[in-house]
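Asker: For reference, the file start.txt (compact mmCIF, C-alpha atoms) is included below:
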# COMPACT_ATOMS: atom_id res chain seq x y z
CA MET A 1 0.00 0.00 0.00
CA ASP A 2 1.34 3.41 -0.96
CA GLY A 3 2.01 5.94 1.78
CA TYR A 4 3.83 6.04 5.09
CA LYS A 5 2.95 3.04 7.27
CA LEU A 6 2.97 3.96 10.95
CA GLU A 7 2.34 1.87 14.06
CA MET A 8 0.37 4.06 16.50
CA HIS A 9 0.03 1.86 19.60
CA LEU A 10 2.98 -0.13 20.95
CA HIS A 11 4.41 -1.28 24.29
CA THR A 12 7.89 -2.46 25.32
CA SER A 13 8.92 -5.08 27.85
CA ARG A 14 10.57 -2.93 30.51
CA ASN A 15 7.71 -0.43 30.72
CA SER A 16 4.79 -2.78 31.18
CA ASP A 17 4.51 -6.22 32.68
CA CYS A 18 2.31 -7.18 29.71
CA GLY A 19 4.90 -6.12 27.12
CA LYS A 20 7.17 -8.95 26.01
CA GLU A 21 9.61 -7.53 23.44
CA CYS A 22 12.73 -5.39 23.88
CA PRO A 23 13.49 -2.34 21.70
CA ALA A 24 16.06 -4.09 19.47
CA ASP A 25 13.66 -6.91 18.64
CA ILE A 26 10.75 -4.52 18.08
CA ALA A 27 12.73 -2.46 15.58
CA LYS A 28 13.57 -5.59 13.58
CA ILE A 29 10.00 -6.91 13.75
CA TYR A 30 8.63 -3.68 12.30
CA ALA A 31 11.34 -3.31 9.69
CA ASP A 32 10.64 -6.84 8.49
CA ALA A 33 6.89 -6.06 8.43
CA GLY A 34 7.43 -3.12 6.07
CA TYR A 35 6.67 -0.28 8.45
CA ASP A 36 8.13 3.19 8.01
CA GLY A 37 7.61 4.35 11.59
CA ILE A 38 6.46 3.55 15.13
CA VAL A 39 4.88 5.61 17.89
CA CYS A 40 6.01 4.20 21.24
CA THR A 41 2.99 4.52 23.55
CA ASN A 42 4.11 2.88 26.76
CA HIS A 43 1.66 2.68 29.64
CA LEU A 44 1.80 5.57 32.07
CA ASN A 45 -0.21 4.90 35.20
CA ARG A 46 0.64 4.85 38.88
CA ASN A 47 0.81 1.06 39.13
CA ASP A 48 3.13 0.53 36.17
CA LEU A 49 5.31 3.57 36.89
CA TYR A 50 5.90 3.01 40.59
CA GLY A 51 5.18 -0.72 40.88
CA TYR A 52 6.85 -2.14 37.76
CA VAL A 53 9.14 0.37 36.03
CA ALA A 54 10.82 2.15 38.93
CA PRO A 55 11.64 -0.50 41.59
CA PRO A 56 14.28 -2.52 39.69
CA TRP A 57 15.87 0.39 37.84
CA ARG A 58 15.33 3.65 39.71
CA ARG A 59 18.82 3.72 41.26
CA PHE A 60 20.41 3.78 37.79
CA PHE A 61 18.60 6.95 36.64
CA ARG A 62 18.46 10.57 37.72
CA SER A 63 14.68 10.53 37.91
CA ILE A 64 11.66 8.27 37.58
CA SER A 65 10.81 9.97 34.30
CA ASP A 66 14.24 9.13 32.87
CA CYS A 67 13.71 5.54 33.98
CA TRP A 68 10.31 5.47 32.22
CA LEU A 69 11.79 6.99 29.05
CA ARG A 70 14.67 4.57 28.61
CA ASP A 71 12.90 2.07 26.35
CA LEU A 72 11.58 4.87 24.14
CA LEU A 73 15.07 6.34 23.75
CA GLU A 74 16.59 2.93 23.10
CA LEU A 75 13.87 2.20 20.54
CA LYS A 76 14.71 5.46 18.74
CA GLU A 77 18.34 4.30 18.51
CA GLU A 78 17.44 0.79 17.36
CA GLY A 79 14.94 2.12 14.84
CA ALA A 80 17.59 4.35 13.27
CA LYS A 81 19.79 1.29 12.70
CA VAL A 82 17.14 -0.43 10.57
CA GLY A 83 15.56 2.62 8.93
CA ILE A 84 12.47 2.90 11.14
CA ASP A 85 11.38 6.31 12.49
CA VAL A 86 10.39 6.21 16.16
CA PHE A 87 8.16 8.90 17.64
CA ALA A 88 7.47 9.62 21.29
CA GLY A 89 3.99 8.97 22.65
CA ALA A 90 2.25 7.62 25.73
CA GLU A 91 -0.84 5.74 26.87
CA VAL A 92 -1.83 7.68 29.96
CA SER A 93 -4.28 6.52 32.60
CA PRO A 94 -4.52 9.24 35.28
CA ASP A 95 -5.64 8.32 38.78
CA GLU A 96 -9.14 9.57 37.97
CA VAL A 97 -9.67 6.75 35.45
CA THR A 98 -7.03 4.14 36.30
CA TYR A 99 -7.92 0.44 36.26
CA TYR A 100 -6.12 0.12 39.60
CA LYS A 101 -8.89 1.80 41.61
CA PRO A 102 -11.96 -0.13 42.80
CA ASP A 103 -14.65 1.64 40.78
CA HIS A 104 -15.38 2.97 37.30
CA PRO A 105 -14.76 5.03 35.22
CA TYR A 106 -11.76 3.33 33.60
CA ALA A 107 -9.99 4.70 30.52
CA GLU A 108 -6.64 5.24 28.79
CA PHE A 109 -5.61 8.17 26.62
CA LEU A 110 -3.08 7.98 23.79
CA LEU A 111 -0.94 11.10 23.31
CA TYR A 112 0.40 11.97 19.85
CA GLY A 113 2.64 14.96 19.21
CA VAL A 114 4.21 14.90 22.66
CA THR A 115 8.00 15.24 22.75
CA VAL A 116 10.57 13.45 24.86
CA ASP A 117 11.23 16.67 26.80
CA GLU A 118 7.52 17.15 27.49
CA LEU A 119 7.23 13.57 28.69
CA ARG A 120 10.27 13.98 30.90
CA GLU A 121 8.79 17.11 32.49
CA GLN A 122 5.21 15.88 32.87
CA CYS A 123 5.56 12.13 33.40
CA GLU A 124 4.49 12.01 37.04
CA LYS A 125 2.26 15.08 36.82
CA PHE A 126 -0.05 13.38 34.32
CA LEU A 127 -1.21 10.97 36.99
CA THR A 128 -2.95 13.59 39.12
CA MET A 129 -4.66 15.39 36.24
CA THR A 130 -8.37 15.22 35.50
CA GLN A 131 -9.45 14.50 31.93
CA ARG A 132 -10.13 18.22 31.46
CA GLN A 133 -6.72 19.22 32.78
CA LEU A 134 -4.95 16.68 30.58
CA PHE A 135 -6.95 17.75 27.52
CA GLU A 136 -6.28 21.44 28.10
CA TRP A 137 -2.57 20.77 28.63
CA CYS A 138 -2.41 18.77 25.39
CA ASP A 139 -4.53 21.22 23.44
CA SER A 140 -2.33 24.16 24.39
CA ARG A 141 0.74 22.34 23.03
CA GLY A 142 -0.62 20.94 19.79
CA ILE A 143 -0.75 17.41 21.22
CA LEU A 144 -3.60 15.08 20.26
CA MET A 145 -5.39 13.26 23.08
CA VAL A 146 -7.10 10.12 21.79
CA GLN A 147 -9.14 7.65 23.81
CA ALA A 148 -7.81 4.12 23.35
CA HIS A 149 -10.22 1.20 22.74
CA PRO A 150 -13.21 2.95 24.38
CA TYR A 151 -15.52 -0.07 24.13
CA ARG A 152 -13.15 -2.77 25.36
CA GLU A 153 -14.32 -4.72 28.39
CA MET A 154 -13.66 -2.70 31.58
CA CYS A 155 -13.37 0.58 29.62
CA ASP A 156 -15.80 3.48 29.71
CA VAL A 157 -16.49 6.10 27.06
CA THR A 158 -15.35 9.40 28.52
CA ASP A 159 -16.36 13.00 27.79
CA THR A 160 -15.85 13.24 24.03
CA SER A 161 -15.76 17.05 24.20
CA LEU A 162 -12.45 16.60 26.01
CA LEU A 163 -10.83 14.45 23.32
CA HIS A 164 -9.22 15.11 19.97
CA GLY A 165 -9.68 11.62 18.64
CA ILE A 166 -10.90 8.04 19.03
CA GLU A 167 -8.93 4.85 18.40
CA ILE A 168 -11.35 3.15 16.03
CA TYR A 169 -9.35 0.05 15.11
CA ASN A 170 -7.42 -1.53 17.97
CA LEU A 171 -6.12 -4.83 16.61
CA HIS A 172 -4.79 -6.49 19.77
CA PRO A 173 -5.40 -10.22 19.16
CA GLY A 174 -6.15 -10.94 22.80
CA HIS A 175 -8.98 -8.44 23.28
CA ASP A 176 -12.37 -7.73 21.77
CA SER A 177 -12.24 -3.95 21.49
CA ARG A 178 -15.64 -3.81 19.73
CA ASN A 179 -14.17 -1.60 17.06
CA ASP A 180 -17.48 -1.27 15.25
CA LEU A 181 -18.82 0.77 18.17
CA ALA A 182 -15.69 2.92 18.22
CA VAL A 183 -16.09 3.61 14.49
CA GLU A 184 -19.68 4.71 15.09
CA LEU A 185 -18.71 6.92 18.03
CA CYS A 186 -15.96 8.60 16.05
CA GLY A 187 -18.28 9.25 13.13
CA ARG A 188 -20.97 10.65 15.39
CA THR A 189 -18.64 12.99 17.24
CA GLY A 190 -16.45 14.06 14.31
CA LEU A 191 -13.26 13.30 16.23
CA ILE A 192 -9.99 12.29 14.55
CA PRO A 193 -9.83 8.53 13.87
CA THR A 194 -6.70 6.56 14.74
CA GLY A 195 -5.74 2.90 15.01
CA GLY A 196 -2.96 0.62 16.09
CA SER A 197 -1.86 -2.93 16.73
CA ASP A 198 -1.67 -2.42 20.50
CA PHE A 199 1.57 -4.39 20.12
CA HIS A 200 2.79 -6.35 23.15
CA TYR A 201 4.52 -9.37 21.59
CA ARG A 202 5.78 -10.80 18.30
CA GLY A 203 2.87 -11.54 15.99
CA GLY A 204 0.83 -8.66 17.40
CA GLU A 205 1.99 -6.23 14.71
CA GLY A 206 -0.18 -5.36 11.71
CA GLY A 207 -2.27 -2.30 12.52
CA GLY A 208 -1.77 1.44 12.54
CA VAL A 209 -2.33 4.12 9.91
CA ILE A 210 -1.18 5.02 6.42
CA LEU A 211 -0.14 8.68 6.26
CA SER A 212 0.07 10.82 3.16
CA ARG A 213 3.62 11.87 4.01
CA ARG A 214 6.46 11.27 6.44
CA PRO A 215 6.23 13.39 9.61
CA LYS A 216 9.36 15.40 10.42
CA ASP A 217 8.96 14.98 14.18
CA GLU A 218 6.35 14.44 16.90
CA LYS A 219 4.71 17.85 16.47
CA ASP A 220 4.48 17.35 12.72
CA LEU A 221 2.89 13.94 13.28
CA ALA A 222 0.05 15.63 15.16
CA SER A 223 -0.29 18.09 12.29
CA VAL A 224 -0.50 15.30 9.72
CA LEU A 225 -3.22 13.56 11.73
CA ARG A 226 -5.16 16.82 12.02
CA GLU A 227 -5.20 17.00 8.21
CA ARG A 228 -7.30 13.79 8.23
CA SER A 229 -5.68 12.59 5.03
CA HIS A 230 -4.62 9.29 6.66
CA LYS A 231 -6.17 5.85 6.36
CA VAL A 232 -6.70 3.72 9.48
CA ILE A 233 -5.74 0.07 9.01
CA SER A 234 -8.82 -2.00 9.88
CA VAL A 235 -7.40 -5.53 9.62
CA LYS A 236 -3.91 -6.87 10.21
CA GLU A 237 -1.65 -6.32 7.19
Can the structure in the file be given as structure tokens, please?
Answerer:
Amino acid sequence: MDGYKLEMHLHTSRNSDCGKECPADIAKIYADAGYDGIVCTNHLNRNDLYGYVAPPWRRFFRSISDCWLRDLLELKEEGAKVGIDVFAGAEVSPDEVTYYKPDHPYAEFLLYGVTVDELREQCEKFLTMTQRQLFEWCDSRGILMVQAHPYREMCDVTDTSLLHGIEIYNLHPGHDSRNDLAVELCGRTGLIPTGGSDFHYRGGEGGGVILSRRPKDEKDLASVLRERSHKVISVKE
């Protein structure tokens, strides 16, 4: 398929206990699969950050945010070796909507157009933000805030007036994300459609978007998505 093939939803092994692949292997997997780029959207919630990421590695880094960023930075290096662009991103679940509290609502928000420096500065601050605060912070910086898999089991549709987009095709093979409902929601609200493999392990690749051109950097990626000239991959390719 012509265009720039971009993975929009991907997790690495040292940032989530459900991620199984290291940066070097991920870069090769995506190069072999014919991708041009990857957005690294590692989980950012209180449980993963303080319970999984930080304890084994915190003493080796200046800050918790540097510890959280290490797989993204390594993936950028490994991607460059095999000709794959790697863009910063995140899948944020603030305390207000985290799965690790006893009651609903539960949700995760994908951030596109966020830079490494912005992630380093805001990493821990994201956790205490409300949806409105996170949206306003993103909106003021040209960052797109997209609700991930809004109809997956355990997830709740949040306030769509405080979103820039909806992930309409989440192709994780281990979940029923009820993508048909997400497509309908996105069409009804007029939000920007996105999609991704929700990659956690080898064989999970195959989703994402086809862009009309190569983004120069994270901010330009958000601009390209705002143009709405992209195609969302609906089945694994």
Asker: Which is closest to A:Gly79 among A:Asp32, A:Glu237, A:Glu205, A:Asp2, if we use all atoms listed in the file?
Answerer: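 Distance minimum relative to A:Gly79 lands on A:Asp32.
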Asker: How far is it from atom CA of A:Asn45 to atom CA of A:Gln147, in Å with one decimal?
Answerer: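 Distance reported for this atom pair: 14.7 Å.
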Asker: Quick one: of A:His43, A:Arg152, A:Lys125, A:His164, who's nearest to A:Ile192, counting all atoms listed in the file?
Answerer: A:His164
Asker: How many Å lie between atom CA of A:Asp25 and atom CA of A:Arg46, rounded to one decimal?
Answerer: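 For atom CA of A:Asp25 relative to atom CA of A:Arg46, the distance reads 26.8 Å.
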Asker: Just the number, please: distance in Å from atom CA of A:Val209 to atom CA of A:Val92, one decimal.
Answerer: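 Separation between atom CA of A:Val209 and atom CA of A:Val92: 20.4 Å.
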Asker: Calculated over all atoms listed in the file, which of the candidates A:Leu6, A:Val53, A:Val82, A:Ile64 has the smallest distance to A:Arg120?
Answerer: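 For A:Arg120, the nearest of the given residues is A:Ile64.
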Asker: Taking all atoms listed in the file into account, which of A:Gly83, A:Glu91, A:Leu73, A:Glu124 comes nearest A:Ser16?
Answerer: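 So, comparing all the options, the nearest one is A:Glu91.
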Asker: Taking (-10.8, 6.2, 34.0) in the file's own coordinates, collect the residues within 6 Å, counting all atoms listed in the file, and hand them back as a list in words.
Answerer: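 I get Glu96, Val97, Thr98, Pro105, Tyr106 and Ala107 of chain A for the residues within 6 Å of that point.
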Asker: The selected residues should be written to file as a CSV table (one decimal), keeping the file's coordinate frame (atoms: C-alpha atoms).
Answerer:
chain,number,residue,atom,x,y,z
A,96,GLU,CA,-9.1,9.6,38.0
A,97,VAL,CA,-9.7,6.8,35.4
A,98,THR,CA,-7.0,4.1,36.3
A,105,PRO,CA,-14.8,5.0,35.2
A,106,TYR,CA,-11.8,3.3,33.6
A,107,ALA,CA,-10.0,4.7,30.5
Asker: Determine, counting only C-alpha atoms, which protein, DNA and RNA residues have an atom within 9 Å of an atom of A:His11; residues of the same chain fewer than 3 positions away are not included. Present the result as a ChimeraX atom specification.
Answerer: /A:14-16,18-21,40-43,198-201
Asker: The selected residues should be written to file as a PDB file, in the coordinates of the input (atoms: C-alpha atoms).
Answerer:
ATOM      1  CA  ARG A  14      10.570  -2.930  30.510  1.00  0.00           C
ATOM      2  CA  ASN A  15       7.710  -0.430  30.720  1.00  0.00           C
ATOM      3  CA  SER A  16       4.790  -2.780  31.180  1.00  0.00           C
ATOM      4  CA  CYS A  18       2.310  -7.180  29.710  1.00  0.00           C
ATOM      5  CA  GLY A  19       4.900  -6.120  27.120  1.00  0.00           C
ATOM      6  CA  LYS A  20       7.170  -8.950  26.010  1.00  0.00           C
ATOM      7  CA  GLU A  21       9.610  -7.530  23.440  1.00  0.00           C
ATOM      8  CA  CYS A  40       6.010   4.200  21.240  1.00  0.00           C
ATOM      9  CA  THR A  41       2.990   4.520  23.550  1.00  0.00           C
ATOM     10  CA  ASN A  42       4.110   2.880  26.760  1.00  0.00           C
ATOM     11  CA  HIS A  43       1.660   2.680  29.640  1.00  0.00           C
ATOM     12  CA  ASP A 198      -1.670  -2.420  20.500  1.00  0.00           C
ATOM     13  CA  PHE A 199       1.570  -4.390  20.120  1.00  0.00           C
ATOM     14  CA  HIS A 200       2.790  -6.350  23.150  1.00  0.00           C
ATOM     15  CA  TYR A 201       4.520  -9.370  21.590  1.00  0.00           C
TER      16      TYR A 201
END
